[in-house]
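Undergrad: mmCIF, C-alpha atoms, file upload.cif:
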```cif
data_coords
loop_
_atom_site.label_atom_id
_atom_site.label_comp_id
_atom_site.auth_asym_id
_atom_site.auth_seq_id
_atom_site.Cartn_x
_atom_site.Cartn_y
_atom_site.Cartn_z
CA MET A 980 155.98 -70.85 95.20
CA LYS A 981 155.76 -73.69 92.70
CA LYS A 982 152.06 -73.04 92.18
CA TRP A 983 152.74 -69.40 91.38
CA LEU A 984 155.44 -70.35 88.89
CA TYR A 985 153.04 -72.79 87.24
CA LEU A 986 150.29 -70.16 87.01
CA ALA A 987 152.76 -67.64 85.58
CA ALA A 988 153.85 -70.14 82.91
CA LEU A 989 150.22 -70.95 82.10
CA LEU A 990 149.28 -67.28 81.74
CA ALA A 991 152.33 -66.63 79.57
CA THR A 992 151.39 -69.51 77.27
CA CYS A 993 147.80 -68.24 77.00
CA TYR A 994 149.04 -64.71 76.19
CA LEU A 995 151.44 -65.93 73.50
CA ASN A 996 148.72 -68.04 71.89
CA LEU A 997 146.38 -65.04 71.75
CA VAL A 998 148.93 -62.52 70.42
CA TYR A 999 150.90 -64.66 67.99
CA ASP A 1000 150.12 -67.32 65.45
CA TRP A 1001 151.84 -70.13 67.32
CA PRO A 1002 150.67 -73.63 66.29
CA GLU A 1003 152.89 -75.43 68.81
CA GLY A 1004 151.57 -73.19 71.56
CA ARG A 1005 148.21 -74.93 71.60
CA THR A 1006 149.90 -78.27 72.26
CA ILE A 1007 151.98 -76.74 75.05
CA LEU A 1008 148.83 -75.18 76.56
CA VAL A 1009 147.04 -78.55 76.56
CA VAL A 1010 150.04 -80.19 78.23
CA GLU A 1011 150.16 -77.46 80.88
CA LEU A 1012 146.45 -77.88 81.60
CA VAL A 1013 146.66 -81.68 81.82
CA PHE A 1014 149.90 -81.69 83.83
CA PRO A 1015 148.39 -80.79 87.26
CA ALA A 1016 145.61 -83.34 86.79
CA VAL A 1017 148.24 -86.04 86.19
CA LEU A 1018 150.17 -84.95 89.29
CA TYR A 1019 147.01 -84.93 91.40
CA LEU A 1020 146.02 -88.39 90.19
CA GLU A 1021 149.53 -89.68 90.91
CA ALA A 1022 149.39 -88.31 94.46
CA LYS A 1023 146.00 -89.93 95.02
CA LEU A 1024 147.32 -93.27 93.78
CA MET A 1025 150.39 -92.97 96.03
CA SER A 1026 148.23 -92.58 99.11
CA VAL A 1027 145.77 -95.35 98.37
CA ARG A 1028 147.59 -98.13 100.21
CA ILE A 1029 149.24 -96.77 103.33
CA LYS A 1030 149.25 -98.95 106.43
CA ILE A 1031 150.13 -97.64 109.89
CA ARG A 1032 150.40 -99.93 112.90
CA PRO A 1033 151.94 -99.71 116.38
CA GLN A 1034 154.79 -101.94 117.50
CA GLY A 1035 153.04 -103.91 120.23
CA ASP A 1036 149.32 -104.10 120.91
CA LEU A 1037 149.37 -102.99 124.54
CA GLN A 1038 151.25 -100.21 126.29
CA MET A 1039 151.24 -99.56 130.03
CA ALA A 1040 152.26 -96.34 131.72
CA GLU A 1041 152.15 -94.91 135.19
CA GLU A 1042 150.24 -91.70 135.72
CA GLY A 1043 152.48 -88.74 134.86
CA GLU A 1044 154.86 -90.84 132.76
CA THR A 1045 155.67 -90.06 129.12
CA LEU A 1046 155.64 -93.00 126.73
CA HIS A 1047 157.45 -93.04 123.40
CA ILE A 1048 155.30 -95.25 121.20
CA PRO A 1049 156.75 -96.56 117.91
CA PHE A 1050 154.50 -96.74 114.84
CA VAL A 1051 155.48 -98.49 111.61
CA VAL A 1052 154.41 -96.77 108.37
CA GLU A 1053 154.31 -99.11 105.38
CA ASN A 1054 153.86 -98.21 101.72
CA CYS A 1055 151.79 -101.03 100.22
CA GLY A 1056 151.12 -99.17 96.97
CA ALA A 1057 152.83 -99.22 93.58
CA PHE A 1058 154.38 -95.73 93.78
CA ARG A 1059 157.08 -94.08 95.85
CA ILE A 1060 155.78 -91.51 98.34
CA PRO A 1061 158.12 -88.48 98.46
CA VAL A 1062 156.76 -87.07 101.71
CA LEU A 1063 153.99 -87.93 104.17
CA TRP A 1064 152.79 -85.95 107.20
CA LEU A 1065 151.05 -87.80 110.04
CA TRP A 1066 149.18 -86.31 113.01
CA MET A 1067 148.43 -87.96 116.33
CA GLY A 1068 146.72 -85.46 118.55
CA LYS A 1069 148.83 -82.31 118.32
CA ASN A 1070 152.01 -84.21 117.45
CA ARG A 1071 153.11 -84.18 113.83
CA LYS A 1072 155.72 -86.43 112.25
CA VAL A 1073 157.15 -86.51 108.72
CA VAL A 1074 158.01 -89.53 106.59
CA ARG A 1075 160.28 -88.84 103.62
CA ASP A 1076 161.06 -90.93 100.56
CA LEU A 1077 158.93 -93.95 101.40
CA LYS A 1078 159.67 -96.37 98.60
CA LYS A 1079 157.33 -99.02 97.24
CA GLY A 1080 157.07 -101.76 99.86
CA GLY A 1081 159.22 -99.70 102.22
CA ARG A 1082 158.74 -99.18 105.95
CA GLN A 1083 159.71 -96.44 108.34
CA THR A 1084 159.30 -96.20 112.11
CA LEU A 1085 158.06 -93.05 113.80
CA ILE A 1086 158.13 -92.35 117.53
CA PHE A 1087 155.14 -90.48 118.97
CA PRO A 1088 155.27 -89.21 122.58
CA TYR A 1089 152.25 -89.84 124.81
CA HIS A 1090 151.90 -88.13 128.18
CA ALA A 1091 149.82 -90.26 130.55
CA THR A 1092 147.60 -87.89 132.51
CA VAL A 1093 144.31 -89.76 132.94
CA CYS A 1094 144.10 -93.19 134.56
CA GLY A 1095 142.29 -95.92 132.68
CA LYS A 1096 142.22 -97.44 129.24
CA GLN A 1097 143.04 -95.11 126.36
CA VAL A 1098 142.90 -95.89 122.63
CA TRP A 1099 145.28 -93.85 120.49
CA GLU A 1100 145.63 -93.84 116.73
CA ILE A 1101 146.77 -91.66 113.85
CA LYS A 1102 143.80 -89.60 112.70
CA LYS A 1103 145.22 -87.42 109.95
CA ALA A 1104 147.60 -88.02 107.04
CA VAL A 1105 148.65 -85.62 104.27
CA THR A 1106 150.86 -86.21 101.24
CA ARG A 1107 151.86 -84.24 98.14
CA ASP A 1108 152.65 -84.91 94.51
CA ALA A 1109 156.16 -85.41 93.15
CA SER A 1110 156.52 -81.75 92.14
CA GLY A 1111 155.32 -80.42 95.49
CA MET A 1112 152.50 -78.41 93.95
CA PHE A 1113 149.53 -80.19 95.50
CA TYR A 1114 148.95 -81.24 99.10
CA ILE A 1115 146.33 -83.96 99.48
CA ARG A 1116 144.52 -85.04 102.64
CA ILE A 1117 144.40 -88.84 102.74
CA ARG A 1118 140.87 -89.79 103.70
CA ARG A 1119 141.25 -93.55 103.62
CA PHE A 1120 144.23 -95.33 105.10
CA VAL A 1121 144.69 -98.34 107.37
CA SER A 1122 145.61 -97.19 110.88
CA GLU A 1123 145.65 -99.70 113.72
CA PRO A 1124 145.13 -98.17 117.18
CA VAL A 1125 147.35 -98.76 120.19
CA GLU A 1126 145.79 -99.59 123.54
CA ILE A 1127 147.32 -97.70 126.46
CA HIS A 1128 146.56 -98.56 130.07
CA VAL A 1129 147.46 -95.79 132.48
CA VAL A 1130 147.78 -97.05 136.05
CA PRO A 1131 147.63 -94.73 139.07
CA LYS A 1132 150.86 -93.51 140.60
CA ALA A 1133 151.81 -94.86 144.01
CA TYR A 1134 153.05 -92.20 146.43
CA PRO A 1135 155.27 -92.87 149.47
CA VAL A 1136 153.48 -93.97 152.64
CA PHE A 1137 154.87 -96.05 155.49
CA ALA A 1138 153.19 -99.30 156.55
CA GLU A 1139 154.03 -100.83 159.92
CA ILE A 1140 153.24 -104.55 159.80
CA SER A 1141 152.46 -106.06 163.19
CA LYS A 1142 153.89 -109.37 164.37
CA ALA A 1143 150.37 -110.77 164.57
CA VAL A 1144 149.89 -110.15 160.84
CA ARG A 1145 153.28 -111.57 159.85
CA LEU A 1146 152.76 -114.76 161.87
CA PHE A 1147 149.09 -115.21 161.02
CA VAL A 1148 148.61 -118.68 159.55
CA THR A 1149 146.52 -118.84 156.40
CA GLU A 1150 146.00 -121.36 153.66
CA GLY A 1151 148.24 -121.03 150.65
CA GLU A 1152 149.85 -122.96 147.83
CA GLU A 1153 153.27 -121.42 148.48
CA TYR A 1154 155.49 -121.66 151.53
CA ALA A 1155 157.95 -119.32 153.19
CA LYS A 1156 161.60 -119.94 152.37
CA ASP A 1157 162.99 -118.10 155.38
CA ARG A 1158 161.07 -119.64 158.27
CA GLY A 1159 159.25 -122.77 159.34
CA GLY A 1160 155.69 -123.21 160.52
CA ASP A 1161 153.08 -125.77 161.49
CA ASP A 1162 151.87 -127.02 158.10
CA ALA A 1163 152.64 -130.75 158.23
CA SER A 1164 151.89 -131.19 154.52
CA GLU A 1165 155.27 -129.68 153.58
CA VAL A 1166 158.69 -130.12 155.22
CA PHE A 1167 160.73 -126.92 155.57
CA ASP A 1168 163.94 -128.33 157.05
CA VAL A 1169 165.47 -131.33 158.83
CA HIS A 1170 167.89 -130.97 161.73
CA GLU A 1171 169.24 -132.99 164.63
CA TYR A 1172 167.00 -133.59 167.59
CA LYS A 1173 167.60 -131.38 170.62
CA PRO A 1174 166.18 -131.84 174.10
CA GLY A 1175 162.86 -130.05 174.30
CA ASP A 1176 161.90 -130.63 170.65
CA ARG A 1177 158.50 -132.14 169.94
CA ILE A 1178 158.61 -135.92 169.72
CA ALA A 1179 155.77 -135.91 167.16
CA GLN A 1180 158.05 -134.18 164.64
CA ILE A 1181 160.83 -136.78 164.69
CA HIS A 1182 161.77 -137.98 161.21
CA TRP A 1183 161.63 -141.71 161.98
CA LYS A 1184 162.77 -143.01 158.57
CA LEU A 1185 165.85 -140.77 158.45
CA SER A 1186 166.60 -141.47 162.11
CA ALA A 1187 166.47 -145.23 161.46
CA ARG A 1188 168.94 -144.94 158.57
CA THR A 1189 171.42 -142.73 160.39
CA GLU A 1190 170.90 -144.19 163.87
CA GLU A 1191 170.57 -140.62 165.17
CA LEU A 1192 167.42 -138.69 165.94
CA TYR A 1193 166.42 -136.07 163.35
CA LEU A 1194 163.52 -133.66 163.52
CA LYS A 1195 161.23 -132.45 160.73
CA GLU A 1196 160.50 -128.73 160.72
CA PHE A 1197 157.22 -128.06 158.99
CA SER A 1198 156.58 -125.22 156.54
CA PHE A 1199 154.86 -121.89 156.96
CA PRO A 1200 152.12 -121.41 154.31
CA LEU A 1201 152.07 -118.08 152.54
CA GLY A 1202 148.55 -116.76 152.22
CA ALA A 1203 147.11 -113.28 152.61
CA ALA A 1204 146.61 -112.05 156.16
CA VAL A 1205 145.46 -108.62 154.93
CA VAL A 1206 142.51 -107.66 152.73
CA VAL A 1207 142.26 -104.24 151.08
CA LEU A 1208 138.61 -103.36 150.50
CA LEU A 1209 137.87 -100.72 147.87
CA SER A 1210 134.49 -99.20 148.53
CA ARG A 1211 132.36 -96.11 148.19
CA LYS A 1212 130.03 -94.47 150.64
CA GLU A 1213 126.30 -94.69 150.09
CA GLU A 1214 126.07 -91.01 149.24
CA ASP A 1215 129.33 -90.88 147.31
CA ARG A 1216 129.33 -90.82 143.50
CA PHE A 1217 133.06 -90.20 143.03
CA PRO A 1218 132.71 -86.65 141.69
CA ALA A 1219 136.20 -85.31 140.94
CA LYS A 1220 138.10 -87.71 143.18
CA ASN A 1221 138.50 -90.69 140.87
CA THR A 1222 142.22 -90.38 140.31
CA VAL A 1223 142.97 -89.52 143.94
CA PHE A 1224 141.03 -92.59 145.10
CA LEU A 1225 143.12 -94.76 142.76
CA ASN A 1226 146.30 -93.06 144.01
CA LEU A 1227 145.38 -93.94 147.60
CA ALA A 1228 144.74 -97.57 146.67
CA ALA A 1229 148.01 -97.81 144.73
CA SER A 1230 149.98 -96.15 147.53
CA VAL A 1231 148.63 -98.49 150.21
CA GLY A 1232 149.20 -101.53 148.00
CA HIS A 1233 152.76 -100.55 147.17
CA ALA A 1234 153.55 -99.93 150.84
CA LEU A 1235 152.39 -103.47 151.66
CA VAL A 1236 154.42 -104.95 148.80
CA GLU A 1237 157.54 -103.14 150.01
CA GLU A 1238 157.04 -104.76 153.42
CA SER A 1239 156.60 -108.20 151.77
CA CYS A 1240 153.06 -108.36 153.13
CA ARG A 1241 150.73 -110.29 150.86
CA PHE A 1242 147.17 -109.07 150.57
CA TYR A 1243 143.92 -109.51 148.71
CA ALA A 1244 142.61 -106.43 146.88
CA VAL A 1245 138.84 -106.65 146.60
CA TRP A 1246 136.04 -104.57 145.14
CA LYS A 1247 132.45 -105.15 144.10
CA GLU A 1248 130.99 -103.97 140.81
CA ARG A 1249 127.77 -102.05 141.33
CA GLU A 1250 125.88 -103.12 138.20
CA SER A 1251 126.88 -106.78 137.96
CA GLN A 1252 127.28 -107.30 141.74
CA ILE A 1253 130.39 -109.36 140.95
CA PHE A 1254 133.28 -109.41 143.42
CA ARG A 1255 136.74 -108.84 141.94
CA ARG A 1256 139.61 -110.18 144.03
CA PHE A 1257 143.34 -110.15 143.30
CA LEU A 1258 146.13 -111.75 145.31
CA VAL A 1259 149.02 -109.29 145.41
CA LYS A 1260 152.31 -110.81 146.53
CA ASP A 1261 155.06 -108.98 144.61
CA GLU A 1262 155.74 -106.17 142.13
CA GLU A 1263 154.47 -108.16 139.16
CA THR A 1264 151.12 -109.05 140.70
CA PHE A 1265 150.87 -105.51 142.09
CA TYR A 1266 150.90 -104.03 138.58
CA ASP A 1267 148.59 -106.78 137.31
CA TRP A 1268 146.10 -105.63 139.94
CA LEU A 1269 146.54 -101.95 139.06
CA LEU A 1270 146.05 -102.81 135.40
CA ALA A 1271 142.70 -104.44 136.16
CA LEU A 1272 141.67 -101.65 138.53
CA SER A 1273 142.52 -98.88 136.07
CA SER A 1274 140.38 -100.60 133.42
CA THR A 1275 137.36 -100.39 135.73
CA ARG A 1276 135.34 -97.22 136.04
CA VAL A 1277 135.62 -96.18 139.65
CA SER A 1278 132.06 -94.86 139.62
CA ASP A 1279 130.89 -98.45 139.13
CA LEU A 1280 132.27 -99.63 142.48
CA ASP A 1281 129.70 -100.63 145.07
CA VAL A 1282 129.67 -100.40 148.85
CA LEU A 1283 131.86 -103.09 150.45
CA ASP A 1284 132.58 -103.83 154.10
CA GLU A 1285 134.08 -106.69 156.11
CA ALA A 1286 130.75 -108.41 156.74
CA MET A 1287 130.02 -108.58 153.01
CA TYR A 1288 133.54 -109.84 152.31
CA ARG A 1289 133.33 -112.59 154.95
CA TYR A 1290 129.94 -113.66 153.60
CA GLU A 1291 131.38 -114.03 150.08
CA PHE A 1292 134.78 -115.48 150.98
CA PHE A 1293 135.38 -117.89 153.83
CA GLU A 1294 139.16 -117.61 154.07
CA PRO A 1295 140.47 -116.21 157.38
CA TYR A 1296 142.44 -112.97 157.53
CA ARG A 1297 143.98 -110.85 160.25
CA LYS A 1298 143.50 -107.21 159.21
CA ALA A 1299 141.20 -105.37 156.80
CA VAL A 1300 142.15 -102.04 155.24
CA ARG A 1301 139.17 -100.15 153.84
CA ILE A 1302 139.73 -97.38 151.30
CA SER A 1303 136.57 -95.37 150.63
CA GLY A 1304 135.48 -93.00 147.93
CA ASP A 1305 135.40 -90.09 150.37
CA LEU A 1306 139.23 -90.37 150.44
CA SER A 1307 139.46 -92.11 153.79
CA ILE A 1308 141.51 -95.10 154.93
CA ARG A 1309 140.71 -97.26 157.92
CA CYS A 1310 143.00 -100.05 159.12
CA GLY A 1311 140.99 -102.52 161.18
CA GLU A 1312 139.61 -100.82 164.28
CA GLU A 1313 142.08 -97.93 164.13
CA ASP A 1314 140.91 -94.35 163.70
CA THR A 1315 139.89 -93.34 160.19
CA LEU A 1316 142.51 -91.38 158.26
CA TRP A 1317 141.17 -88.59 156.07
CA PHE A 1318 142.86 -87.18 152.99
CA HIS A 1319 142.19 -84.17 150.79
CA GLU A 1320 142.22 -83.94 147.04
CA ASN A 1321 144.85 -81.22 146.74
CA THR A 1322 147.16 -82.20 149.61
CA PHE A 1323 146.93 -85.99 149.79
CA VAL A 1324 150.55 -86.51 148.65
CA GLN A 1325 151.94 -84.54 151.60
CA GLU A 1326 149.43 -86.17 153.95
CA LEU A 1327 150.45 -89.65 152.81
CA SER A 1328 154.15 -88.92 153.36
CA GLY A 1329 153.45 -88.19 157.03
CA THR A 1330 151.14 -91.16 157.58
CA VAL A 1331 151.94 -94.48 159.24
CA LEU A 1332 149.53 -97.30 158.40
CA GLU A 1333 149.32 -99.69 161.34
CA ILE A 1334 148.61 -103.05 159.76
#
```
Let me see the structure of the file written as structure tokens.
TA:
Amino acid sequence: MKKWLYLAALLATCYLNLVYDWPEGRTILVVELVFPAVLYLEAKLMSVRIKIRPQGDLQMAEEGETLHIPFVVENCGAFRIPVLWLWMGKNRKVVRDLKKGGRQTLIFPYHATVCGKQVWEIKKAVTRDASGMFYIRIRRFVSEPVEIHVVPKAYPVFAEISKAVRLFVTEGEEYAKDRGGDDASEVFDVHEYKPGDRIAQIHWKLSARTEELYLKEFSFPLGAAVVVLLSRKEEDRFPAKNTVFLNLAASVGHALVEESCRFYAVWKERESQIFRRFLVKDEETFYDWLLALSSTRVSDLDVLDEAMYRYEFFEPYRKAVRISGDLSIRCGEEDTLWFHENTFVQELSGTVLEI
């Protein structure tokens, strides 16, 4: 509308200068012709120094989750910016009245649909002059990207941990706080001697001071009695099953964490032939593992079995759980469990993993 009014005024001035002897009209015509150029130049100068950066360098989301990512828009130029439009994907946000040196925070939604590392940044910015006549696409502006790691979603599956796994003695730097064991390097508890207790565990120094017999109860080391092997079949190239494979791994891992069963998650990179191993013992280390796994292209995983694992690592374990690229899970010598790409969520909910 403003452009049409300007053109109408310009045409009227031209007409009056042609029809009448109007000396001042020439000056007015020159001003009207120069005026849009001044506005355009002002708008260009306003948009020269715009800086856009995310609050936080790294964002993590679970598959299917919607993040609300804050971006700070800063006017580093010498002019006030009346309005600024910013696009990130299909989302558009508006910044109004951004003063010199001023900052405003915009929230952009991001729907996490694809697992892995994603880099997101503002690609398009548009401003206008003070009168609103000209809209200018900003070609050069400083926009820092945000790094988003989308981890696979863990679906409900029940894990039944056997007594043999729970009581399996492994080496570890931490010790159980709820039960004793046979690791003489750490004392779990001290109690009075009772008939039938082992003489070798008598706490002689304490007994000498108290003149009563006391017994040392040794600690139970917390290691990993279970290994989760992530592998692919020889003929498998992970066609359209990448996300489902990651969902199976996350679901099995989360089921073990819920049962307080520590485990090693292991895979082998096909190109580098490097083994990647993570000790998962709680929710924090579980998501650390998923973060590393989601940053790895699943198609780069190599074949991995128990013999290869034992050859590379010499630590004992009780049970191996192998998750393969053909969407199968095998717990030790139990029968292989098969899952399907479109129905794996329902199949997991009715599955009991015998660990």
Undergrad: In Å, rounded to a single decimal, give me how far atom CA of A:Glu1326 is from atom CA of A:Leu1208.
TA: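 For atom CA of A:Leu1208 relative to atom CA of A:Glu1326, the distance reads 20.6 Å.
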Undergrad: Mind checking which residues fall within 10 Å of A:Ser1307, counting all atoms listed in the file, ignoring those fewer than 2 positions away in the same chain, and posting them as an MDAnalysis selection string?
TA: chainID A and resid 1211 1224 1227 1301:1305 1309 1315:1319
Undergrad: Which protein, DNA or RNA residues are at most 12 Å from (149.6, -102.1, 148.4) in the file's coordinates when you count all atoms listed in the file, listed as a VMD selection string?
TA: chain A and resid 1132 to 1138 1205 to 1209 1225 to 1245 1257 to 1262 1264 to 1266 1268 to 1269 1300 to 1302 1332 1334
Undergrad: For the atom pair atom CA of A:Glu1044 and atom CA of A:His1090, what is the interatomic distance in Å to one decimal place?
TA: 6.1 Å
Undergrad: Between atom CA of A:Leu1272 and atom CA of A:Thr1092, what distance in Å does the model show, to one decimal?
TA: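 Atom-to-atom, atom CA of A:Leu1272 to atom CA of A:Thr1092, that is 16.1 Å.
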